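S.K.: The file below is my_file_2.pdb, PDB, C-alpha atoms:
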```
ATOM      1  CA  MET A 117     -11.920  44.631 -58.646
ATOM      2  CA  THR A 118     -11.310  43.489 -55.066
ATOM      3  CA  SER A 119     -10.768  45.972 -52.279
ATOM      4  CA  LYS A 120      -8.113  45.529 -49.646
ATOM      5  CA  ILE A 121      -9.327  44.617 -46.159
ATOM      6  CA  ILE A 122      -7.702  46.767 -43.500
ATOM      7  CA  ARG A 123      -7.303  45.042 -40.120
ATOM      8  CA  LYS A 124      -6.031  46.931 -37.061
ATOM      9  CA  VAL A 125      -5.566  45.609 -33.510
ATOM     10  CA  ILE A 126      -6.794  48.028 -30.829
ATOM     11  CA  ASN A 127      -5.268  48.064 -27.336
ATOM     12  CA  THR A 128      -5.352  50.537 -24.461
ATOM     13  CA  ALA A 129      -3.785  50.453 -21.005
ATOM     14  CA  LYS A 130      -6.981  52.065 -19.644
ATOM     15  CA  ALA A 131      -8.861  48.758 -20.003
ATOM     16  CA  PRO A 132      -7.828  45.322 -18.704
ATOM     17  CA  SER A 133      -5.473  43.427 -20.980
ATOM     18  CA  ALA A 134      -6.843  40.373 -22.722
ATOM     19  CA  ILE A 135      -6.783  37.299 -20.491
ATOM     20  CA  GLY A 136      -6.406  34.870 -23.389
ATOM     21  CA  PRO A 137      -4.626  34.854 -26.743
ATOM     22  CA  TYR A 138      -6.718  37.635 -28.289
ATOM     23  CA  SER A 139      -6.889  41.421 -28.490
ATOM     24  CA  GLN A 140      -9.101  43.893 -26.650
ATOM     25  CA  ALA A 141     -10.538  44.796 -30.045
ATOM     26  CA  VAL A 142      -9.956  44.454 -33.761
ATOM     27  CA  GLN A 143     -11.043  46.998 -36.324
ATOM     28  CA  VAL A 144     -11.751  45.637 -39.792
ATOM     29  CA  ASN A 145     -12.269  48.480 -42.233
ATOM     30  CA  HIS A 146     -14.960  50.593 -40.521
ATOM     31  CA  THR A 147     -16.251  47.917 -38.120
ATOM     32  CA  LEU A 148     -14.899  47.464 -34.591
ATOM     33  CA  TYR A 149     -15.168  44.116 -32.797
ATOM     34  CA  ILE A 150     -14.581  44.385 -29.036
ATOM     35  CA  SER A 151     -13.749  41.242 -27.092
ATOM     36  CA  GLY A 152     -15.857  40.356 -24.066
ATOM     37  CA  GLN A 153     -15.321  42.693 -21.140
ATOM     38  CA  LEU A 154     -15.551  41.924 -17.457
ATOM     39  CA  GLY A 155     -15.850  44.262 -14.488
ATOM     40  CA  LEU A 156     -12.105  44.168 -13.901
ATOM     41  CA  ASP A 157      -9.830  46.962 -12.749
ATOM     42  CA  ALA A 158      -7.187  47.532 -15.445
ATOM     43  CA  THR A 159      -4.382  47.912 -12.907
ATOM     44  CA  THR A 160      -5.070  45.034 -10.535
ATOM     45  CA  MET A 161      -6.922  42.715 -12.971
ATOM     46  CA  GLU A 162      -9.332  42.003 -10.090
ATOM     47  CA  PHE A 163     -13.106  42.439 -10.064
ATOM     48  CA  VAL A 164     -14.018  45.898  -8.771
ATOM     49  CA  ALA A 165     -16.648  44.419  -6.409
ATOM     50  CA  ASP A 166     -18.886  41.404  -5.911
ATOM     51  CA  ASP A 167     -21.906  43.537  -6.878
ATOM     52  CA  VAL A 168     -23.284  42.914 -10.386
ATOM     53  CA  CYS A 169     -24.021  46.618 -10.948
ATOM     54  CA  ALA A 170     -20.488  47.715 -10.055
ATOM     55  CA  GLN A 171     -19.073  45.036 -12.359
ATOM     56  CA  ALA A 172     -21.412  46.019 -15.197
ATOM     57  CA  LYS A 173     -20.496  49.691 -14.779
ATOM     58  CA  ARG A 174     -16.777  48.900 -14.913
ATOM     59  CA  ALA A 175     -17.175  46.588 -17.925
ATOM     60  CA  LEU A 176     -18.973  49.385 -19.778
ATOM     61  CA  GLU A 177     -16.324  51.918 -18.734
ATOM     62  CA  ASN A 178     -13.663  49.528 -20.039
ATOM     63  CA  MET A 179     -15.544  49.260 -23.345
ATOM     64  CA  GLY A 180     -15.682  53.054 -23.475
ATOM     65  CA  HIS A 181     -11.889  53.232 -23.144
ATOM     66  CA  ILE A 182     -11.498  50.728 -25.981
ATOM     67  CA  LEU A 183     -13.967  52.625 -28.155
ATOM     68  CA  LYS A 184     -12.033  55.843 -27.510
ATOM     69  CA  ALA A 185      -8.711  54.157 -28.347
ATOM     70  CA  ALA A 186     -10.265  53.198 -31.690
ATOM     71  CA  GLY A 187     -11.474  56.764 -32.294
ATOM     72  CA  SER A 188     -15.091  55.887 -31.578
ATOM     73  CA  ASP A 189     -17.712  56.192 -28.839
ATOM     74  CA  TYR A 190     -21.013  54.721 -27.694
ATOM     75  CA  SER A 191     -23.006  56.832 -30.171
ATOM     76  CA  LYS A 192     -21.733  54.565 -32.961
ATOM     77  CA  VAL A 193     -22.429  51.218 -31.235
ATOM     78  CA  ILE A 194     -25.161  49.202 -32.927
ATOM     79  CA  LYS A 195     -25.034  45.909 -31.006
ATOM     80  CA  THR A 196     -23.985  44.671 -27.586
ATOM     81  CA  THR A 197     -24.452  41.364 -25.826
ATOM     82  CA  VAL A 198     -24.625  41.090 -22.048
ATOM     83  CA  LEU A 199     -24.236  37.710 -20.370
ATOM     84  CA  LEU A 200     -25.730  37.362 -16.901
ATOM     85  CA  ALA A 201     -25.147  34.662 -14.304
ATOM     86  CA  ASP A 202     -28.640  35.314 -12.911
ATOM     87  CA  MET A 203     -31.587  36.672 -14.932
ATOM     88  CA  LYS A 204     -32.859  38.318 -11.741
ATOM     89  CA  ASP A 205     -30.112  40.915 -12.318
ATOM     90  CA  PHE A 206     -31.448  41.887 -15.771
ATOM     91  CA  GLY A 207     -33.295  45.038 -14.704
ATOM     92  CA  ARG A 208     -30.459  46.352 -12.552
ATOM     93  CA  VAL A 209     -27.815  45.713 -15.210
ATOM     94  CA  ASN A 210     -30.012  47.191 -17.933
ATOM     95  CA  GLU A 211     -30.373  50.373 -15.862
ATOM     96  CA  VAL A 212     -26.570  50.606 -15.523
ATOM     97  CA  ARG A 213     -26.249  50.101 -19.284
ATOM     98  CA  ARG A 214     -28.812  52.823 -19.948
ATOM     99  CA  ARG A 215     -26.937  55.329 -17.740
ATOM    100  CA  GLU A 216     -23.424  54.451 -18.927
ATOM    101  CA  CYS A 217     -24.198  54.317 -22.645
ATOM    102  CA  GLU A 218     -26.326  57.447 -22.976
ATOM    103  CA  ILE A 219     -25.805  59.150 -26.281
TER     104      ILE A 219
END
```
Can I see the file as structure tokens?
M.R.:
Amino acid sequence: MTSKIIRKVINTAKAPSAIGPYSQAVQVNHTLYISGQLGLDATTMEFVADDVCAQAKRALENMGHILKAAGSDYSKVIKTTVLLADMKDFGRVNEVRRRECEI
């Protein structure tokens, strides 16, 4: 017996709209896949600042809005990937991630 796969597109106006031909997130059964997030303001679609920490904070806030729109939160996240332009920013960005994603 095969089970039916349930696929649901997740969108929220509280996070920046997708820049390309994809969704902010897609939920497949009980797994949520969130597209890459940048430190953009949802209203202006501009970076919130030149500072890597401010951008990381906003990207994580945007992910939080998407998680909430899907009926989830950071306590259920099991994997994230952060891409850095400069590895020297690792410690600072990791500290922002620790603060923003506290469970």
S.K.: Considering only C-alpha atoms, can you say which of A:Leu200, A:Leu156, A:Ile194, A:Ala129 comes closest to A:Ala170?
M.R.: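 Of A:Leu200, A:Leu156, A:Ile194, A:Ala129, the one nearest A:Ala170, counting only C-alpha atoms, is A:Leu156.
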S.K.: Measure the distance from atom CA of A:Cys217 to atom CA of A:Arg174 in Å and round it to one decimal.
M.R.: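 Computing it gives 12.0 Å between the two atoms.
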S.K.: Using all atoms listed in the file, find the one residue out of A:Asn145, A:Gly136, A:Glu218, A:Ala175 that sits nearest to A:Ser191.
M.R.: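 Among the listed residues, A:Glu218 lies closest to A:Ser191.
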S.K.: Counting only C-alpha atoms, figure out which residue out of A:Asn127, A:Gln153, A:Thr196, A:Thr118 gets nearest to A:Gln171.
M.R.: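 Of the candidates, the smallest distance to A:Gln171 is held by A:Gln153.
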S.K.: Hey, what's within 12 Å of A:Gly207 if we count all atoms listed in the file and toss same-chain stuff fewer than 5 positions away? As a list in words, please?
M.R.: Val168, Cys169, Ala172, Leu200, Asp202, Val212, Arg213 and Arg214 of chain A
S.K.: To one decimal in Å, tell me the separation between atom CA of A:Val164 and atom CA of A:Ser188.
M.R.: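 Between atom CA of A:Val164 and atom CA of A:Ser188 the gap is 24.9 Å.
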S.K.: Once the PyMOL selection byres ((chain A and resi 146) around 10) is applied to the coordinates I shared, what remains selected? I want it as an NGL selection string.
M.R.: :A and (121-123 or 143-145 or 147-148)
S.K.: When you draw a straight line from atom CA of A:Gly152 to atom CA of A:Leu176, how long is it in Å?
M.R.: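 Going from atom CA of A:Gly152 over to atom CA of A:Leu176, I get 10.5 Å.
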S.K.: N, CA, C and O atoms are needed for stretch 186-197 of chain A; please write them out as a short mmCIF file (atom, residue, chain, number, x, y, z; two decimals), in the coordinates of the input.
M.R.:
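The result, written out as out02.cif:
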```
data_model
loop_
_atom_site.label_atom_id
_atom_site.label_comp_id
_atom_site.auth_asym_id
_atom_site.auth_seq_id
_atom_site.Cartn_x
_atom_site.Cartn_y
_atom_site.Cartn_z
N ALA A 186 -10.02 53.47 -30.27
CA ALA A 186 -10.26 53.20 -31.69
C ALA A 186 -10.81 54.44 -32.41
O ALA A 186 -11.14 54.36 -33.58
N GLY A 187 -10.94 55.55 -31.69
CA GLY A 187 -11.47 56.76 -32.29
C GLY A 187 -12.99 56.75 -32.41
O GLY A 187 -13.55 57.39 -33.28
N SER A 188 -13.64 56.03 -31.52
CA SER A 188 -15.09 55.89 -31.58
C SER A 188 -15.70 56.20 -30.22
O SER A 188 -15.00 56.61 -29.29
N ASP A 189 -17.01 56.01 -30.11
CA ASP A 189 -17.71 56.19 -28.84
C ASP A 189 -19.03 55.44 -28.89
O ASP A 189 -19.38 54.83 -29.90
N TYR A 190 -19.77 55.48 -27.79
CA TYR A 190 -21.01 54.72 -27.69
C TYR A 190 -22.07 55.15 -28.71
O TYR A 190 -22.96 54.38 -29.04
N SER A 191 -21.99 56.37 -29.22
CA SER A 191 -23.01 56.83 -30.17
C SER A 191 -22.96 56.04 -31.48
O SER A 191 -23.92 56.06 -32.24
N LYS A 192 -21.88 55.33 -31.72
CA LYS A 192 -21.73 54.56 -32.96
C LYS A 192 -21.94 53.06 -32.76
O LYS A 192 -21.85 52.30 -33.71
N VAL A 193 -22.23 52.64 -31.53
CA VAL A 193 -22.43 51.22 -31.24
C VAL A 193 -23.82 50.80 -31.71
O VAL A 193 -24.81 51.46 -31.41
N ILE A 194 -23.86 49.68 -32.44
CA ILE A 194 -25.16 49.20 -32.93
C ILE A 194 -25.59 47.88 -32.29
O ILE A 194 -26.75 47.50 -32.39
N LYS A 195 -24.66 47.18 -31.62
CA LYS A 195 -25.03 45.91 -31.01
C LYS A 195 -24.13 45.61 -29.83
O LYS A 195 -22.92 45.79 -29.89
N THR A 196 -24.73 45.18 -28.73
CA THR A 196 -23.98 44.67 -27.59
C THR A 196 -24.67 43.40 -27.11
O THR A 196 -25.86 43.20 -27.34
N THR A 197 -23.91 42.58 -26.44
CA THR A 197 -24.45 41.36 -25.83
C THR A 197 -24.00 41.34 -24.38
O THR A 197 -22.81 41.51 -24.10
#
```
